[in-house]
$ cat work.cif   # mmCIF, C-alpha atoms
data_input
loop_
_atom_site.label_atom_id
_atom_site.label_comp_id
_atom_site.auth_asym_id
_atom_site.auth_seq_id
_atom_site.Cartn_x
_atom_site.Cartn_y
_atom_site.Cartn_z
CA MET A 4 14.13 -84.64 66.48
CA ASN A 5 17.39 -82.90 67.47
CA PHE A 6 18.52 -83.17 63.85
CA LEU A 7 15.36 -81.37 62.74
CA LYS A 8 15.90 -78.62 65.31
CA SER A 9 19.52 -78.17 64.33
CA SER A 10 18.61 -78.32 60.67
CA VAL A 11 16.01 -75.58 61.13
CA GLY A 12 18.48 -73.58 63.21
CA THR A 13 21.14 -74.02 60.55
CA SER A 14 18.68 -73.00 57.83
CA MET A 15 17.80 -69.84 59.77
CA LEU A 16 21.49 -69.04 60.25
CA VAL A 17 22.21 -69.58 56.56
CA ALA A 18 19.23 -67.36 55.65
CA ALA A 19 20.44 -64.60 57.98
CA VAL A 20 23.94 -64.78 56.50
CA ALA A 21 22.54 -64.81 52.97
CA LEU A 22 20.50 -61.67 53.70
CA THR A 23 23.22 -59.67 55.45
CA LEU A 24 26.33 -60.71 53.55
CA PRO A 25 25.46 -59.02 50.22
CA VAL A 26 24.77 -55.73 52.04
CA SER A 27 28.00 -55.96 54.02
CA CYS A 28 30.01 -56.87 50.95
CA ALA A 29 28.43 -54.07 48.92
CA LYS A 30 29.28 -51.54 51.62
CA GLN A 31 32.85 -52.87 51.76
CA ALA A 32 33.11 -52.74 47.96
CA ASP A 33 31.96 -49.10 48.00
CA HIS A 34 34.82 -48.27 50.30
CA ASP A 35 37.43 -50.54 48.73
CA HIS A 36 37.08 -48.94 45.31
CA MET A 37 38.68 -45.79 46.69
CA GLN A 38 42.12 -47.40 47.17
CA HIS A 39 43.26 -44.61 49.44
CA ASP A 40 45.49 -44.84 52.43
CA HIS A 41 44.60 -43.20 55.73
CA LYS A 42 46.40 -43.64 58.99
CA ASP A 43 43.07 -42.98 60.73
CA HIS A 44 41.68 -46.22 59.26
CA ASP A 45 43.93 -48.40 61.41
CA GLY A 46 41.91 -50.28 63.97
CA MET A 47 38.54 -49.17 62.62
CA SER A 48 36.43 -52.30 62.75
CA HIS A 49 33.55 -50.91 60.68
CA HIS A 50 35.61 -51.43 57.53
CA HIS A 51 35.83 -55.17 58.04
CA HIS A 52 32.37 -56.62 57.70
CA ASP A 53 31.44 -60.19 58.32
CA ALA A 54 28.11 -61.97 58.36
CA ALA A 55 27.65 -61.19 62.05
CA SER A 56 28.12 -57.42 61.68
CA ASP A 57 24.93 -55.64 60.78
CA GLU A 58 25.59 -51.91 60.79
CA SER A 59 21.90 -51.02 60.85
CA SER A 60 21.56 -52.57 64.32
CA ALA A 61 24.43 -50.45 65.66
CA VAL A 62 22.38 -47.26 65.98
CA MET A 63 24.67 -44.38 66.86
CA ALA A 64 21.87 -42.02 67.86
CA HIS A 65 19.28 -42.34 70.64
CA SER A 66 16.62 -40.25 68.91
CA TYR A 67 15.83 -38.43 65.69
CA SER A 68 16.91 -35.14 67.25
CA ASP A 69 20.18 -36.68 68.46
CA ALA A 70 20.90 -38.06 64.96
CA VAL A 71 20.27 -34.70 63.29
CA LYS A 72 22.37 -32.84 65.87
CA GLN A 73 25.22 -35.31 65.26
CA MET A 74 24.87 -34.75 61.50
CA GLN A 75 25.02 -30.99 62.02
CA ALA A 76 28.19 -31.37 64.10
CA ARG A 77 29.74 -33.59 61.40
CA MET A 78 28.87 -30.99 58.75
CA THR A 79 30.57 -28.29 60.84
CA SER A 80 33.64 -30.53 61.06
CA LEU A 81 33.58 -31.15 57.28
CA ASP A 82 33.33 -27.41 56.69
CA ALA A 83 36.49 -26.88 58.76
CA ILE A 84 38.28 -29.68 56.89
CA MET A 85 37.32 -28.14 53.55
CA LYS A 86 38.56 -24.71 54.65
CA SER A 87 41.87 -26.28 55.72
CA GLY A 88 42.26 -27.98 52.32
CA LYS A 89 42.98 -31.37 53.95
CA TYR A 90 40.47 -33.29 51.83
CA ASP A 91 41.90 -36.66 52.80
CA GLU A 92 40.48 -36.12 56.31
CA VAL A 93 36.78 -36.22 55.32
CA HIS A 94 36.43 -39.99 55.76
CA ASN A 95 35.29 -40.25 59.39
CA ASP A 96 32.67 -37.51 59.19
CA SER A 97 31.34 -38.68 55.80
CA GLU A 98 30.98 -42.27 57.00
CA ALA A 99 29.38 -41.19 60.28
CA ILE A 100 26.77 -39.20 58.37
CA ARG A 101 26.08 -42.21 56.15
CA LYS A 102 25.63 -44.47 59.19
CA LEU A 103 23.29 -41.97 60.83
CA CYS A 104 21.28 -41.84 57.60
CA GLY A 105 20.80 -45.60 57.86
CA SER A 106 18.97 -45.27 61.18
CA LEU A 107 17.09 -42.04 60.49
CA GLY A 108 13.92 -43.59 59.03
CA GLU A 109 13.47 -45.81 62.07
CA LEU A 110 14.19 -42.93 64.45
CA ALA A 111 11.75 -40.67 62.55
CA ALA A 112 9.02 -43.31 62.87
CA ALA A 113 9.64 -43.88 66.60
CA GLN A 114 6.89 -43.00 69.06
CA ASN A 115 8.87 -40.14 70.66
CA SER A 116 9.94 -38.67 67.30
CA PRO A 117 9.21 -35.01 66.51
CA VAL A 118 8.64 -35.99 62.85
CA PRO A 119 4.94 -35.98 61.87
CA LYS A 120 3.87 -39.48 60.82
CA ASP A 121 2.95 -38.26 57.33
CA LYS A 122 6.53 -36.95 56.87
CA VAL A 123 8.42 -40.14 57.83
CA LYS A 124 8.71 -41.36 54.21
CA GLU A 125 9.95 -37.94 53.10
CA VAL A 126 12.57 -37.98 55.88
CA THR A 127 13.62 -41.52 54.93
CA ASP A 128 13.98 -40.51 51.28
CA THR A 129 15.97 -37.41 52.27
CA ALA A 130 18.26 -39.57 54.42
CA THR A 131 18.85 -41.93 51.48
CA GLU A 132 19.69 -38.94 49.27
CA LEU A 133 22.01 -37.55 51.96
CA SER A 134 23.83 -40.87 52.25
CA ALA A 135 24.43 -40.92 48.49
CA ALA A 136 25.59 -37.28 48.56
CA ALA A 137 28.01 -38.07 51.42
CA ARG A 138 29.44 -40.96 49.39
CA SER A 139 29.89 -38.67 46.36
CA PHE A 140 31.41 -35.94 48.56
CA HIS A 141 33.88 -38.45 50.03
CA SER A 142 34.87 -39.69 46.58
CA ALA A 143 35.26 -36.18 45.13
CA SER A 144 37.36 -35.18 48.15
CA HIS A 145 39.82 -38.00 47.53
CA ASP A 146 39.98 -37.05 43.86
CA GLU A 147 40.56 -33.44 44.99
CA ASP A 148 37.84 -32.36 42.56
CA LEU A 149 37.14 -29.04 44.28
CA PRO A 150 34.07 -27.98 42.25
CA GLN A 151 32.43 -31.37 42.92
CA VAL A 152 33.45 -31.27 46.60
CA LYS A 153 31.79 -27.87 47.01
CA GLU A 154 28.68 -28.95 45.09
CA HIS A 155 28.22 -32.16 47.11
CA TYR A 156 28.87 -30.33 50.39
CA ALA A 157 26.23 -27.69 49.55
CA HIS A 158 23.77 -30.46 48.63
CA MET A 159 24.48 -32.27 51.92
CA LYS A 160 24.01 -29.03 53.86
CA ARG A 161 20.61 -28.41 52.24
CA LEU A 162 19.52 -31.99 53.07
CA VAL A 163 20.69 -31.77 56.71
CA ASP A 164 18.89 -28.43 57.04
CA SER A 165 15.74 -30.07 55.65
CA LEU A 166 16.01 -32.90 58.20
CA ALA A 167 16.61 -30.38 61.00
CA GLN A 168 13.26 -28.64 60.48
CA TYR A 169 11.62 -31.23 62.79
CA VAL A 170 14.15 -30.89 65.62
CA ARG A 171 12.93 -28.95 68.62
CA SER A 172 15.48 -26.38 69.77
#

$ encode --input "work.cif" --output "structure tokens"
Amino acid sequence: MNFLKSSVGTSMLVAAVALTLPVSCAKQADHDHMQHDHKDHDGMSHHHHDAASDESSAVMAHSYSDAVKQMQARMTSLDAIMKSGKYDEVHNDSEAIRKLCGSLGELAAAQNSPVPKDKVKEVTDTATELSAAARSFHSASHDEDLPQVKEHYAHMKRLVDSLAQYVRS
């Protein structure tokens, strides 16, 4: 009987690894394709994914309002970076916005959320679009493609503003 229990336990572990590993590897591949060197990457564990690291469980915000306020602060920081012309410094803010996007649907659907229940899917879709825009912004910044950087930043700003409409002041 112990063999059966351990076999079931092993099967569950293998299933969990099989479900999370492709996501982790895909996220790592997204980042690895950049081939850029940042001193601020040293010691950042979120770049080294393994089967046990599930970023979606590491919620960085306590509520929908908190997540949106953090996104707004990150956008302000990105604006300052853009004005300074130091495009290689966008990484941390871009990645933080993407992580926050990953938890936004769940936070929007939470019982204490200010988002109306019939708007949760719209918010989730907007968060997905924002995450993609942040990835494109990050990539364009490293390529120093200024027109694309400005276009992606403006798109991100519109999306964050759209998400902020549900935040109580």

$ atom_distance --input "work.cif" --atom1 "atom CA of A:Asp148" --atom2 "atom CA of A:Gln75"
23.3 Å

$ closest_residue --input "work.cif" --among "A:Val170, A:Ala112, A:Val93, A:Leu81" --to "A:Ser142" --atoms "only C-alpha atoms"
A:Val93

$ resolve_selection --input "work.cif" --expression "the PyMOL selection byres ((chain A and resi 144) around 9)" --output "MDAnalysis selection string"
chainID A and resid 85 89:93 139:143 145:149 151:152

$ closest_residue --input "work.cif" --among "A:Met159, A:Ala83, A:Ala76, A:Val118" --to "A:Ala130" --atoms "only C-alpha atoms"
A:Met159

$ closest_residue --input "work.cif" --among "A:Val163, A:Met63, A:Ala70, A:Ala157" --to "A:Leu107" --atoms "only C-alpha atoms"
A:Ala70

$ atom_distance --input "work.cif" --atom1 "atom CA of A:Asp69" --atom2 "atom CA of A:His155"
23.3 Å

$ residues_around --input "work.cif" --residues "A:Ser116" --least-positions-apart "5" --cutoff "10 Å" --atoms "only C-alpha atoms" --output "list in words"
Ser66, Tyr67, Ser68, Glu109, Leu110, Ala111, Val123, Tyr169 and Val170 of chain A

$ closest_residue --input "work.cif" --among "A:Lys122, A:His94, A:Lys160, A:Arg171" --to "A:Met74" --atoms "only C-alpha atoms"
A:Lys160
